[in-house]
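The structure under discussion appears below in the form of structure tokens.
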Amino acid sequence: MLDGDRGQAARLAMRIVVDLARVMEADRLINVASAHVDGCLYHGPASLEFAERLVAGGAAVSVPTTLNTGSLDLLHPELVRETPERARAARRQMDLYAAMGCRPTWTCAPYQLAGRPSLGQQIAWAESNAIVFANSVLGARTNRYGDFIDICAAITGRVPHAGLHLEENRRAEIVFRLAGVPDRLLKEDVLYPVLGHLVGKEAGSAVVAIVGLPPDTSEDRLKALGAAAASSGSVALFHAVGITPEAPTLEAALGRRRPSRDVDVTPEMLRAARDELSTTSREDLAAVSLGTPHFSLAEFEALLPLLDGVRVDPRVDLYISTGRDVLAEVERRGWLVVLGAAGARNVTDPCPYITPIMRVAEGPVMTNSAKCAWYAPANVGAEVVFGSLHECVRSAVIGRVWRDEHLWADG
Amino acid sequence: MAEGRTLVAGEARGPALVLEEPLSFWGGVDPETGRVIDVHHPQLGVLVTGRVLVMPSGRGSSSSSSVLVEAIHAGTGPVAIVMLEPDPIVALGAIVIRELFGTRFPLVVVDEETYGTLRTDVIMTVRADETTAIVGPA
């Protein structure tokens, strides 16, 4: 490929893969079974120029490739408050990636799509929450791929043999123990993004093991945990002992080595982590944002009874972000009617804490996502209030922040 | 002058900016202004433009490569990066800016001893070729 036998785009892509292999001190390249590409998000003229260069050079992906969120909502275009110039560039960026043969899935949760990667499979995924989910929950193997290398891996089908592609780099280095966390709290959805936030801050980029999560911890809770840990830190793999596939026991997660650090998680640490996720004590909300990472069918199922028969306050916009495929299923099940009657708005292709959608100048945004709480202040200039799903929905209905006093009470 | 490992070759000179904590460029630096915009970062508001950016490691989102490329392309970015731990996401930004626009942006890894000697605002030279890298006060 380096000599251009598969065209100029494949040559450029392979040059970048090979150079990254040198940086990572990889001994060789390996094949990947699939790719998930984040480069379709418009960051500016240079990222657009990169995609133009590839398409002009005849780029085509050589493995099944899904696309992450874009900068526009092609199904609900009225939602995005973007200048026409930037919207045109963003549209071009999305079109170019689709033109290279990527599936226009526009989701940050490709693990919710059919045909997801299997245990031990080598893949090249971008998007930090998808990376940590694929490695941890599915046991597939990907490094923290990102813009540029994601599409290069998809075009060449190759990545450097390094990092988390290798068995020996997948052992836990830090152990988090939850013995001090009350059972009552472990049963609450809201614990998981808060715990993830804490883990990310403590662990940085280390592989971690978590001991003491309930054996029936749902995928959505693991999703929230991972997304948060990949935001406050760069965690790409966590082992939930007794739950995730590479960690039937703590010994297996550690690979019979001693951890470099043990962290006993206390309720006080969790409350401190929770408090870090809100940037304001203002209560006059402008918006509530759910579904970052994208809402799953199970999450819609949990939301429906909370919205049944109520209506969102006219001062508040309630956004639910999800993938097109999940939204189609929500519609098929007739749930859109309930959501619509309550005044909720569905966002599909873009992400509301990246793309200007919310009226952030008019009041804070409330969210149950630690990732959204972490990134929204810088990316869209929002003040944020973090809360549970129930707190978020009830706040949207009454038009100001509502707190469930029992949620974090002692004991 | 101390030796380091070249991740991406290039030469640059500028005042150092030593980051007290790792920084994700995405959500952390505004490529239009060159300022740190991560509200969680202790150096919120600091300008990275023209600096030799010294940071322990990368952090957070995989979109950081793009933000780095956009900032360098727009002229708001740092002129070189010196790290303690290699970071593929940062490296990709430097590789792509060279492949796309021919801009040479040095990215170097140094050991802890050298890292500990680097001070904010001291003018530094970074010279990194394919085999060796040299980092130190200009």
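Just so we're on the same page: first chain in the structure tokens is A, next is B, and so on; residues restart at 1 for each chain, and ligands are numbered from 1 in the order they show up.
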Any idea what's packed within 12 Å of Pro15 of chain B, counting only C-alpha atoms, ignoring anything in its chain fewer than 6 positions away? Could you give it as JSON, numbers by chain?
{"B": [47, 48, 49, 50, 51, 52, 53, 54, 78, 79, 80, 81, 118, 119, 120, 121, 122, 123, 124, 125, 126, 136, 137, 138]}
Wanna dump the segment 207-295 of chain A-segment 172-177 of chain A contacts at 8 Å for me, each residue with its shortest atom pair and the distance in Å to one decimal, counting only C-alpha atoms, ordered by chain and number, as JSON lines?
```
{"residue": "A:Val207", "atom": "CA", "partner": "A:Ala172", "partner_atom": "CA", "distance": 4.8}
{"residue": "A:Val208", "atom": "CA", "partner": "A:Ala172", "partner_atom": "CA", "distance": 4.7}
{"residue": "A:Ala209", "atom": "CA", "partner": "A:Val175", "partner_atom": "CA", "distance": 4.8}
{"residue": "A:Ile210", "atom": "CA", "partner": "A:Phe176", "partner_atom": "CA", "distance": 4.7}
{"residue": "A:Val211", "atom": "CA", "partner": "A:Arg177", "partner_atom": "CA", "distance": 4.9}
{"residue": "A:Gly212", "atom": "CA", "partner": "A:Arg177", "partner_atom": "CA", "distance": 6.3}
{"residue": "A:Phe238", "atom": "CA", "partner": "A:Ala172", "partner_atom": "CA", "distance": 7.4}
{"residue": "A:His239", "atom": "CA", "partner": "A:Ala172", "partner_atom": "CA", "distance": 7.2}
{"residue": "A:Ala253", "atom": "CA", "partner": "A:Ala172", "partner_atom": "CA", "distance": 5.6}
{"residue": "A:Leu254", "atom": "CA", "partner": "A:Ala172", "partner_atom": "CA", "distance": 4.9}
{"residue": "A:Gly255", "atom": "CA", "partner": "A:Ala172", "partner_atom": "CA", "distance": 7.7}
{"residue": "A:Arg258", "atom": "CA", "partner": "A:Glu173", "partner_atom": "CA", "distance": 7.8}
{"residue": "A:Pro259", "atom": "CA", "partner": "A:Glu173", "partner_atom": "CA", "distance": 4.8}
{"residue": "A:Ser260", "atom": "CA", "partner": "A:Glu173", "partner_atom": "CA", "distance": 5.6}
{"residue": "A:Arg261", "atom": "CA", "partner": "A:Ile174", "partner_atom": "CA", "distance": 4.9}
{"residue": "A:Asp262", "atom": "CA", "partner": "A:Val175", "partner_atom": "CA", "distance": 4.8}
{"residue": "A:Val263", "atom": "CA", "partner": "A:Phe176", "partner_atom": "CA", "distance": 4.7}
{"residue": "A:Asp264", "atom": "CA", "partner": "A:Arg177", "partner_atom": "CA", "distance": 4.9}
{"residue": "A:Val265", "atom": "CA", "partner": "A:Arg177", "partner_atom": "CA", "distance": 5.9}
```
Dump of N, CA and C atoms for the selected residues, as a PDB file, in the first residue's frame:
```
ATOM      1  N   VAL A 207      -5.244   0.633  33.497  1.00  0.00           N
ATOM      2  CA  VAL A 207      -6.283  -0.399  33.478  1.00  0.00           C
ATOM      3  C   VAL A 207      -6.691  -0.632  34.930  1.00  0.00           C
ATOM      4  N   VAL A 208      -7.998  -0.668  35.190  1.00  0.00           N
ATOM      5  CA  VAL A 208      -8.439  -0.795  36.572  1.00  0.00           C
ATOM      6  C   VAL A 208      -9.323  -2.025  36.755  1.00  0.00           C
ATOM      7  N   ALA A 209      -9.360  -2.497  38.002  1.00  0.00           N
ATOM      8  CA  ALA A 209     -10.317  -3.531  38.395  1.00  0.00           C
ATOM      9  C   ALA A 209     -11.214  -2.935  39.469  1.00  0.00           C
ATOM     10  N   ILE A 210     -12.501  -3.261  39.409  1.00  0.00           N
ATOM     11  CA  ILE A 210     -13.447  -2.772  40.400  1.00  0.00           C
ATOM     12  C   ILE A 210     -14.053  -3.989  41.093  1.00  0.00           C
ATOM     13  N   VAL A 211     -13.917  -4.040  42.400  1.00  0.00           N
ATOM     14  CA  VAL A 211     -14.400  -5.179  43.173  1.00  0.00           C
ATOM     15  C   VAL A 211     -15.600  -4.734  43.998  1.00  0.00           C
ATOM     16  N   GLY A 212     -16.711  -5.477  43.868  1.00  0.00           N
ATOM     17  CA  GLY A 212     -17.853  -5.182  44.719  1.00  0.00           C
ATOM     18  C   GLY A 212     -19.071  -4.669  43.985  1.00  0.00           C
ATOM     19  N   PHE A 238     -11.679  -1.276  31.924  1.00  0.00           N
ATOM     20  CA  PHE A 238     -11.845  -1.596  33.341  1.00  0.00           C
ATOM     21  C   PHE A 238     -12.392  -3.008  33.448  1.00  0.00           C
ATOM     22  N   HIS A 239     -12.006  -3.682  34.507  1.00  0.00           N
ATOM     23  CA  HIS A 239     -12.518  -5.018  34.770  1.00  0.00           C
ATOM     24  C   HIS A 239     -13.468  -4.927  35.955  1.00  0.00           C
ATOM     25  N   ALA A 253      -8.172 -10.738  36.704  1.00  0.00           N
ATOM     26  CA  ALA A 253      -8.065  -9.352  36.247  1.00  0.00           C
ATOM     27  C   ALA A 253      -6.647  -8.822  36.421  1.00  0.00           C
ATOM     28  N   LEU A 254      -5.998  -9.277  37.482  1.00  0.00           N
ATOM     29  CA  LEU A 254      -4.642  -8.800  37.775  1.00  0.00           C
ATOM     30  C   LEU A 254      -3.576  -9.610  37.049  1.00  0.00           C
ATOM     31  N   GLY A 255      -3.964 -10.736  36.467  1.00  0.00           N
ATOM     32  CA  GLY A 255      -2.969 -11.595  35.836  1.00  0.00           C
ATOM     33  C   GLY A 255      -1.956 -12.108  36.843  1.00  0.00           C
ATOM     34  N   ARG A 258       0.703  -8.129  41.412  1.00  0.00           N
ATOM     35  CA  ARG A 258       0.192  -7.252  42.460  1.00  0.00           C
ATOM     36  C   ARG A 258      -0.181  -5.912  41.844  1.00  0.00           C
ATOM     37  N   PRO A 259      -1.298  -5.347  42.301  1.00  0.00           N
ATOM     38  CA  PRO A 259      -1.667  -4.025  41.796  1.00  0.00           C
ATOM     39  C   PRO A 259      -0.700  -2.966  42.299  1.00  0.00           C
ATOM     40  N   SER A 260      -0.557  -1.877  41.557  1.00  0.00           N
ATOM     41  CA  SER A 260       0.317  -0.801  42.015  1.00  0.00           C
ATOM     42  C   SER A 260      -0.385   0.023  43.094  1.00  0.00           C
ATOM     43  N   ARG A 261      -1.713  -0.075  43.152  1.00  0.00           N
ATOM     44  CA  ARG A 261      -2.443   0.742  44.119  1.00  0.00           C
ATOM     45  C   ARG A 261      -3.808   0.109  44.417  1.00  0.00           C
ATOM     46  N   ASP A 262      -4.242   0.237  45.661  1.00  0.00           N
ATOM     47  CA  ASP A 262      -5.575  -0.194  46.078  1.00  0.00           C
ATOM     48  C   ASP A 262      -6.326   1.038  46.556  1.00  0.00           C
ATOM     49  N   VAL A 263      -7.553   1.218  46.096  1.00  0.00           N
ATOM     50  CA  VAL A 263      -8.337   2.376  46.523  1.00  0.00           C
ATOM     51  C   VAL A 263      -9.630   1.869  47.166  1.00  0.00           C
ATOM     52  N   ASP A 264      -9.826   2.203  48.429  1.00  0.00           N
ATOM     53  CA  ASP A 264     -11.086   1.860  49.089  1.00  0.00           C
ATOM     54  C   ASP A 264     -12.055   3.018  48.888  1.00  0.00           C
ATOM     55  N   VAL A 265     -13.097   2.790  48.109  1.00  0.00           N
ATOM     56  CA  VAL A 265     -14.051   3.855  47.793  1.00  0.00           C
ATOM     57  C   VAL A 265     -15.001   4.049  48.969  1.00  0.00           C
TER      58      VAL A 265
END
```
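Of the listed residues (A:Ala228, A:Ala341, A:Leu12, A:Leu389), A:Leu389 comes nearest to Phe300 of chain A; the distances count only C-alpha atoms.
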Those of segment 24-235 of chain A in DSSP alpha helix (DSSP H), formatted as an mmCIF file with N, CA and C atoms, in the first residue's frame:
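Below is the file out.cif, written as the result:
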```cif
data_model
loop_
_atom_site.group_PDB
_atom_site.id
_atom_site.type_symbol
_atom_site.label_atom_id
_atom_site.label_comp_id
_atom_site.auth_asym_id
_atom_site.auth_seq_id
_atom_site.Cartn_x
_atom_site.Cartn_y
_atom_site.Cartn_z
ATOM 1 N N PRO A 45 -11.432 23.505 9.381
ATOM 2 C CA PRO A 45 -10.996 23.335 7.993
ATOM 3 C C PRO A 45 -9.948 22.245 7.795
ATOM 4 N N ALA A 46 -9.086 22.021 8.783
ATOM 5 C CA ALA A 46 -8.037 21.011 8.583
ATOM 6 C C ALA A 46 -8.625 19.602 8.574
ATOM 7 N N SER A 47 -9.607 19.359 9.442
ATOM 8 C CA SER A 47 -10.206 18.019 9.469
ATOM 9 C C SER A 47 -10.999 17.770 8.183
ATOM 10 N N LEU A 48 -11.585 18.836 7.643
ATOM 11 C CA LEU A 48 -12.313 18.699 6.379
ATOM 12 C C LEU A 48 -11.330 18.442 5.233
ATOM 13 N N GLU A 49 -10.212 19.143 5.255
ATOM 14 C CA GLU A 49 -9.189 18.962 4.215
ATOM 15 C C GLU A 49 -8.666 17.514 4.203
ATOM 16 N N PHE A 50 -8.522 16.934 5.393
ATOM 17 C CA PHE A 50 -8.060 15.550 5.495
ATOM 18 C C PHE A 50 -9.042 14.600 4.791
ATOM 19 N N ALA A 51 -10.330 14.785 5.062
ATOM 20 C CA ALA A 51 -11.349 13.929 4.440
ATOM 21 C C ALA A 51 -11.409 14.168 2.929
ATOM 22 N N GLU A 52 -11.297 15.427 2.502
ATOM 23 C CA GLU A 52 -11.298 15.740 1.062
ATOM 24 C C GLU A 52 -10.125 15.036 0.372
ATOM 25 N N ARG A 53 -8.952 15.092 1.017
ATOM 26 C CA ARG A 53 -7.748 14.481 0.455
ATOM 27 C C ARG A 53 -7.953 12.967 0.276
ATOM 28 N N LEU A 54 -8.562 12.335 1.282
ATOM 29 C CA LEU A 54 -8.782 10.887 1.201
ATOM 30 C C LEU A 54 -9.759 10.534 0.082
ATOM 31 N N VAL A 55 -10.880 11.249 0.023
ATOM 32 C CA VAL A 55 -11.888 10.923 -0.993
ATOM 33 C C VAL A 55 -11.325 11.187 -2.388
ATOM 34 N N ALA A 56 -10.588 12.282 -2.553
ATOM 35 C CA ALA A 56 -9.984 12.585 -3.852
ATOM 36 C C ALA A 56 -8.986 11.493 -4.248
ATOM 37 N N PRO A 84 -24.824 29.048 8.869
ATOM 38 C CA PRO A 84 -24.964 28.315 7.601
ATOM 39 C C PRO A 84 -23.621 27.842 7.059
ATOM 40 N N GLU A 85 -22.596 28.660 7.235
ATOM 41 C CA GLU A 85 -21.271 28.314 6.714
ATOM 42 C C GLU A 85 -20.729 27.065 7.401
ATOM 43 N N ARG A 86 -20.832 27.056 8.744
ATOM 44 C CA ARG A 86 -20.333 25.921 9.504
ATOM 45 C C ARG A 86 -21.188 24.681 9.251
ATOM 46 N N ALA A 87 -22.503 24.894 9.086
ATOM 47 C CA ALA A 87 -23.401 23.762 8.812
ATOM 48 C C ALA A 87 -23.049 23.115 7.474
ATOM 49 N N ARG A 88 -22.699 23.946 6.482
ATOM 50 C CA ARG A 88 -22.317 23.396 5.175
ATOM 51 C C ARG A 88 -21.053 22.549 5.287
ATOM 52 N N ALA A 89 -20.081 23.069 6.002
ATOM 53 C CA ALA A 89 -18.813 22.329 6.178
ATOM 54 C C ALA A 89 -19.062 21.036 6.945
ATOM 55 N N ALA A 90 -19.899 21.110 7.982
ATOM 56 C CA ALA A 90 -20.196 19.925 8.791
ATOM 57 C C ALA A 90 -20.906 18.867 7.955
ATOM 58 N N ARG A 91 -21.824 19.320 7.079
ATOM 59 C CA ARG A 91 -22.547 18.394 6.215
ATOM 60 C C ARG A 91 -21.587 17.710 5.246
ATOM 61 N N ARG A 92 -20.663 18.503 4.707
ATOM 62 C CA ARG A 92 -19.669 17.971 3.776
ATOM 63 C C ARG A 92 -18.806 16.902 4.479
ATOM 64 N N GLN A 93 -18.425 17.203 5.716
ATOM 65 C CA GLN A 93 -17.613 16.269 6.497
ATOM 66 C C GLN A 93 -18.349 14.929 6.652
ATOM 67 N N MET A 94 -19.629 14.995 7.001
ATOM 68 C CA MET A 94 -20.416 13.765 7.176
ATOM 69 C C MET A 94 -20.533 13.017 5.844
ATOM 70 N N ASP A 95 -20.817 13.765 4.761
ATOM 71 C CA ASP A 95 -20.990 13.133 3.442
ATOM 72 C C ASP A 95 -19.710 12.444 2.974
ATOM 73 N N LEU A 96 -18.568 13.073 3.236
ATOM 74 C CA LEU A 96 -17.294 12.503 2.780
ATOM 75 C C LEU A 96 -17.019 11.161 3.459
ATOM 76 N N TYR A 97 -17.314 11.083 4.759
ATOM 77 C CA TYR A 97 -17.066 9.811 5.459
ATOM 78 C C TYR A 97 -18.027 8.729 4.977
ATOM 79 N N ALA A 98 -19.275 9.101 4.717
ATOM 80 C CA ALA A 98 -20.207 8.116 4.166
ATOM 81 C C ALA A 98 -19.739 7.678 2.778
ATOM 82 N N ALA A 99 -19.162 8.611 2.009
ATOM 83 C CA ALA A 99 -18.707 8.301 0.644
ATOM 84 C C ALA A 99 -17.556 7.295 0.636
ATOM 85 N N SER A 128 -14.228 7.672 22.981
ATOM 86 C CA SER A 128 -13.713 7.126 24.236
ATOM 87 C C SER A 128 -14.708 6.231 24.967
ATOM 88 N N ASN A 129 -16.013 6.550 24.915
ATOM 89 C CA ASN A 129 -16.960 5.696 25.642
ATOM 90 C C ASN A 129 -17.145 4.364 24.924
ATOM 91 N N ALA A 130 -17.061 4.380 23.585
ATOM 92 C CA ALA A 130 -17.192 3.132 22.818
ATOM 93 C C ALA A 130 -15.961 2.262 23.019
ATOM 94 N N ILE A 131 -14.797 2.898 23.093
ATOM 95 C CA ILE A 131 -13.538 2.180 23.297
ATOM 96 C C ILE A 131 -13.570 1.438 24.633
ATOM 97 N N VAL A 132 -13.943 2.153 25.695
ATOM 98 C CA VAL A 132 -13.904 1.536 27.016
ATOM 99 C C VAL A 132 -14.980 0.460 27.125
ATOM 100 N N PHE A 133 -16.112 0.644 26.450
ATOM 101 C CA PHE A 133 -17.168 -0.370 26.465
ATOM 102 C C PHE A 133 -16.709 -1.621 25.712
ATOM 103 N N ILE A 149 -6.608 8.368 12.610
ATOM 104 C CA ILE A 149 -6.162 6.970 12.603
ATOM 105 C C ILE A 149 -7.370 6.045 12.462
ATOM 106 N N ASP A 150 -8.545 6.485 12.933
ATOM 107 C CA ASP A 150 -9.713 5.609 12.826
ATOM 108 C C ASP A 150 -10.027 5.296 11.364
ATOM 109 N N ILE A 151 -10.068 6.324 10.526
ATOM 110 C CA ILE A 151 -10.382 6.077 9.108
ATOM 111 C C ILE A 151 -9.188 5.422 8.407
ATOM 112 N N CYS A 152 -7.970 5.728 8.832
ATOM 113 C CA CYS A 152 -6.795 5.065 8.239
ATOM 114 C C CYS A 152 -6.836 3.563 8.520
ATOM 115 N N ALA A 153 -7.233 3.187 9.738
ATOM 116 C CA ALA A 153 -7.361 1.769 10.083
ATOM 117 C C ALA A 153 -8.487 1.124 9.274
ATOM 118 N N ALA A 154 -9.571 1.867 9.077
ATOM 119 C CA ALA A 154 -10.701 1.329 8.309
ATOM 120 C C ALA A 154 -10.314 1.113 6.848
ATOM 121 N N ILE A 155 -9.523 2.013 6.288
ATOM 122 C CA ILE A 155 -9.106 1.913 4.884
ATOM 123 C C ILE A 155 -8.094 0.782 4.704
ATOM 124 N N THR A 156 -7.101 0.727 5.601
ATOM 125 C CA THR A 156 -6.038 -0.276 5.439
ATOM 126 C C THR A 156 -6.407 -1.619 6.066
ATOM 127 N N ASP A 183 -25.173 -0.914 50.088
ATOM 128 C CA ASP A 183 -25.909 -1.665 49.064
ATOM 129 C C ASP A 183 -26.990 -0.814 48.408
ATOM 130 N N ARG A 184 -27.616 0.011 49.234
ATOM 131 C CA ARG A 184 -28.711 0.838 48.728
ATOM 132 C C ARG A 184 -28.230 1.715 47.563
ATOM 133 N N LEU A 185 -27.020 2.253 47.700
ATOM 134 C CA LEU A 185 -26.463 3.122 46.664
ATOM 135 C C LEU A 185 -26.073 2.313 45.418
ATOM 136 N N LEU A 186 -25.604 1.076 45.641
ATOM 137 C CA LEU A 186 -25.218 0.233 44.499
ATOM 138 C C LEU A 186 -26.427 -0.116 43.629
ATOM 139 N N LEU A 191 -25.284 6.030 40.836
ATOM 140 C CA LEU A 191 -23.968 5.709 41.388
ATOM 141 C C LEU A 191 -22.928 5.543 40.284
ATOM 142 N N TYR A 192 -23.339 4.966 39.152
ATOM 143 C CA TYR A 192 -22.367 4.464 38.177
ATOM 144 C C TYR A 192 -21.595 5.568 37.446
ATOM 145 N N PRO A 193 -22.269 6.616 36.970
ATOM 146 C CA PRO A 193 -21.478 7.714 36.401
ATOM 147 C C PRO A 193 -20.607 8.404 37.451
ATOM 148 N N VAL A 194 -21.082 8.496 38.676
ATOM 149 C CA VAL A 194 -20.294 9.150 39.733
ATOM 150 C C VAL A 194 -19.059 8.303 40.058
ATOM 151 N N LEU A 195 -19.259 6.995 40.166
ATOM 152 C CA LEU A 195 -18.131 6.098 40.411
ATOM 153 C C LEU A 195 -17.128 6.176 39.257
ATOM 154 N N GLY A 196 -17.641 6.214 38.031
ATOM 155 C CA GLY A 196 -16.761 6.310 36.862
ATOM 156 C C GLY A 196 -15.946 7.588 36.887
ATOM 157 N N HIS A 197 -16.587 8.669 37.281
ATOM 158 C CA HIS A 197 -15.894 9.963 37.377
ATOM 159 C C HIS A 197 -14.744 9.867 38.375
ATOM 160 N N LEU A 198 -15.024 9.263 39.503
ATOM 161 C CA LEU A 198 -14.008 9.082 40.551
ATOM 162 C C LEU A 198 -12.869 8.182 40.044
ATOM 163 N N VAL A 199 -13.232 7.086 39.387
ATOM 164 C CA VAL A 199 -12.225 6.139 38.877
ATOM 165 C C VAL A 199 -11.315 6.829 37.855
ATOM 166 N N GLY A 200 -11.917 7.600 36.961
ATOM 167 C CA GLY A 200 -11.121 8.285 35.944
ATOM 168 C C GLY A 200 -10.142 9.269 36.548
ATOM 169 N N LYS A 201 -10.598 9.997 37.570
ATOM 170 C CA LYS A 201 -9.710 10.976 38.207
ATOM 171 C C LYS A 201 -8.553 10.293 38.912
ATOM 172 N N GLU A 202 -8.828 9.172 39.530
ATOM 173 C CA GLU A 202 -7.796 8.456 40.294
ATOM 174 C C GLU A 202 -6.862 7.664 39.386
ATOM 175 N N ALA A 203 -7.405 7.102 38.309
ATOM 176 C CA ALA A 203 -6.649 6.108 37.537
ATOM 177 C C ALA A 203 -5.909 6.699 36.348
ATOM 178 N N GLU A 219 -25.652 -3.506 31.468
ATOM 179 C CA GLU A 219 -24.753 -2.906 30.479
ATOM 180 C C GLU A 219 -24.861 -1.388 30.494
ATOM 181 N N ASP A 220 -26.063 -0.863 30.718
ATOM 182 C CA ASP A 220 -26.212 0.597 30.711
ATOM 183 C C ASP A 220 -25.470 1.236 31.882
ATOM 184 N N ARG A 221 -25.433 0.557 33.013
ATOM 185 C CA ARG A 221 -24.668 1.077 34.151
ATOM 186 C C ARG A 221 -23.171 1.019 33.864
ATOM 187 N N LEU A 222 -22.729 -0.071 33.219
ATOM 188 C CA LEU A 222 -21.313 -0.172 32.855
ATOM 189 C C LEU A 222 -20.964 0.876 31.797
ATOM 190 N N LYS A 223 -21.914 1.150 30.917
ATOM 191 C CA LYS A 223 -21.732 2.192 29.900
ATOM 192 C C LYS A 223 -21.509 3.543 30.564
ATOM 193 N N ALA A 224 -22.353 3.870 31.549
ATOM 194 C CA ALA A 224 -22.257 5.164 32.233
ATOM 195 C C ALA A 224 -20.953 5.265 33.011
ATOM 196 N N LEU A 225 -20.564 4.176 33.639
ATOM 197 C CA LEU A 225 -19.315 4.137 34.407
ATOM 198 C C LEU A 225 -18.119 4.380 33.479
ATOM 199 N N GLY A 226 -18.094 3.631 32.380
ATOM 200 C CA GLY A 226 -16.965 3.730 31.454
ATOM 201 C C GLY A 226 -16.889 5.104 30.800
ATOM 202 N N ALA A 227 -18.020 5.629 30.375
ATOM 203 C CA ALA A 227 -18.030 6.933 29.704
ATOM 204 C C ALA A 227 -17.470 8.003 30.631
ATOM 205 N N ALA A 228 -17.829 7.925 31.906
ATOM 206 C CA ALA A 228 -17.346 8.914 32.878
ATOM 207 C C ALA A 228 -15.853 8.747 33.120
ATOM 208 N N ALA A 229 -15.403 7.490 33.254
ATOM 209 C CA ALA A 229 -13.984 7.239 33.536
ATOM 210 C C ALA A 229 -13.105 7.617 32.346
ATOM 211 N N ALA A 230 -13.682 7.577 31.138
ATOM 212 C CA ALA A 230 -12.942 7.955 29.935
ATOM 213 C C ALA A 230 -13.021 9.460 29.687
ATOM 214 N N SER A 231 -13.736 10.187 30.546
ATOM 215 C CA SER A 231 -13.822 11.644 30.409
ATOM 216 C C SER A 231 -12.938 12.336 31.437
ATOM 217 N N SER A 232 -13.120 11.984 32.718
ATOM 218 C CA SER A 232 -12.281 12.593 33.760
ATOM 219 C C SER A 232 -10.870 12.023 33.707
#
```
For Met1 of chain A: contacts at 9 Å, only C-alpha atoms, fewer than 5 positions along chain excluded, given as a PyMOL selection string
chain A and resi 6-8+10-15+156
Assign secondary structure with DSSP using the backbone only, and return the residues of segment 30-263 of chain A in strand (DSSP E or B) as number ranges by chain.
A: 30-31, 35-37, 65-67, 70, 103, 122, 124-126, 141, 145, 158-160, 174-177, 208-211, 238-240, 261-263
List as a PyMOL selection string the protein and nucleic acid residues near His41 of chain B, meaning an atom at most 10 Å away when only C-alpha atoms are counted, but skip any in the same chain fewer than 5 places from it.
chain B and resi 19-24+28+36
Using only C-alpha atoms, find each residue of chain B with at least one atom at most 8 Å away from an atom of chain A; report its shortest atom-to-atom pair and that distance in Å (one decimal), sort the rows by chain and rising residue number, and return the result as JSON lines.
```
{"residue": "B:Leu7", "atom": "CA", "partner": "A:Val23", "partner_atom": "CA", "distance": 5.3}
{"residue": "B:Val8", "atom": "CA", "partner": "A:Val23", "partner_atom": "CA", "distance": 7.7}
{"residue": "B:Gly27", "atom": "CA", "partner": "A:Ala378", "partner_atom": "CA", "distance": 5.4}
{"residue": "B:Gly28", "atom": "CA", "partner": "A:Ala378", "partner_atom": "CA", "distance": 7.0}
{"residue": "B:Ile37", "atom": "CA", "partner": "A:Ala378", "partner_atom": "CA", "distance": 5.6}
{"residue": "B:Asp38", "atom": "CA", "partner": "A:Ala378", "partner_atom": "CA", "distance": 5.6}
{"residue": "B:Val39", "atom": "CA", "partner": "A:Ala378", "partner_atom": "CA", "distance": 6.6}
{"residue": "B:Gly58", "atom": "CA", "partner": "A:Ser234", "partner_atom": "CA", "distance": 7.8}
{"residue": "B:Arg59", "atom": "CA", "partner": "A:Ser234", "partner_atom": "CA", "distance": 5.2}
{"residue": "B:Gly60", "atom": "CA", "partner": "A:Ser234", "partner_atom": "CA", "distance": 4.6}
{"residue": "B:Ser61", "atom": "CA", "partner": "A:Ser128", "partner_atom": "CA", "distance": 5.6}
{"residue": "B:Ser62", "atom": "CA", "partner": "A:Gly146", "partner_atom": "CA", "distance": 4.2}
{"residue": "B:Ser63", "atom": "CA", "partner": "A:Asp147", "partner_atom": "CA", "distance": 5.7}
{"residue": "B:Ser64", "atom": "CA", "partner": "A:Gly146", "partner_atom": "CA", "distance": 7.8}
{"residue": "B:Ser65", "atom": "CA", "partner": "A:Asp147", "partner_atom": "CA", "distance": 6.2}
{"residue": "B:Ser66", "atom": "CA", "partner": "A:Asp147", "partner_atom": "CA", "distance": 6.2}
{"residue": "B:Val67", "atom": "CA", "partner": "A:His43", "partner_atom": "CA", "distance": 6.7}
{"residue": "B:Val69", "atom": "CA", "partner": "A:Ala46", "partner_atom": "CA", "distance": 6.8}
{"residue": "B:Glu70", "atom": "CA", "partner": "A:Ala46", "partner_atom": "CA", "distance": 5.6}
{"residue": "B:His73", "atom": "CA", "partner": "A:Ala46", "partner_atom": "CA", "distance": 6.8}
{"residue": "B:Pro86", "atom": "CA", "partner": "A:Val23", "partner_atom": "CA", "distance": 7.7}
{"residue": "B:Pro88", "atom": "CA", "partner": "A:Leu20", "partner_atom": "CA", "distance": 7.0}
{"residue": "B:Ile89", "atom": "CA", "partner": "A:Gly146", "partner_atom": "CA", "distance": 6.6}
{"residue": "B:Ala91", "atom": "CA", "partner": "A:Leu20", "partner_atom": "CA", "distance": 7.4}
{"residue": "B:Leu92", "atom": "CA", "partner": "A:Leu20", "partner_atom": "CA", "distance": 7.0}
{"residue": "B:Ile95", "atom": "CA", "partner": "A:Ile16", "partner_atom": "CA", "distance": 6.9}
{"residue": "B:Val96", "atom": "CA", "partner": "A:Ile16", "partner_atom": "CA", "distance": 7.3}
{"residue": "B:Glu99", "atom": "CA", "partner": "A:Leu12", "partner_atom": "CA", "distance": 7.7}
{"residue": "B:Leu100", "atom": "CA", "partner": "A:Phe50", "partner_atom": "CA", "distance": 6.8}
```
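For Pro356 of chain A, the non-local neighbours within 10 Å, defined as residues at least 3 positions apart in the same chain or in other chains and counting only C-alpha atoms, are Ser71, Leu72, Leu79, Val80, Arg81, Glu82, Thr83, Pro350, Cys351, Pro352, Tyr353, Arg359, Val360, Asn379, Val380 and Gly381 of chain A.
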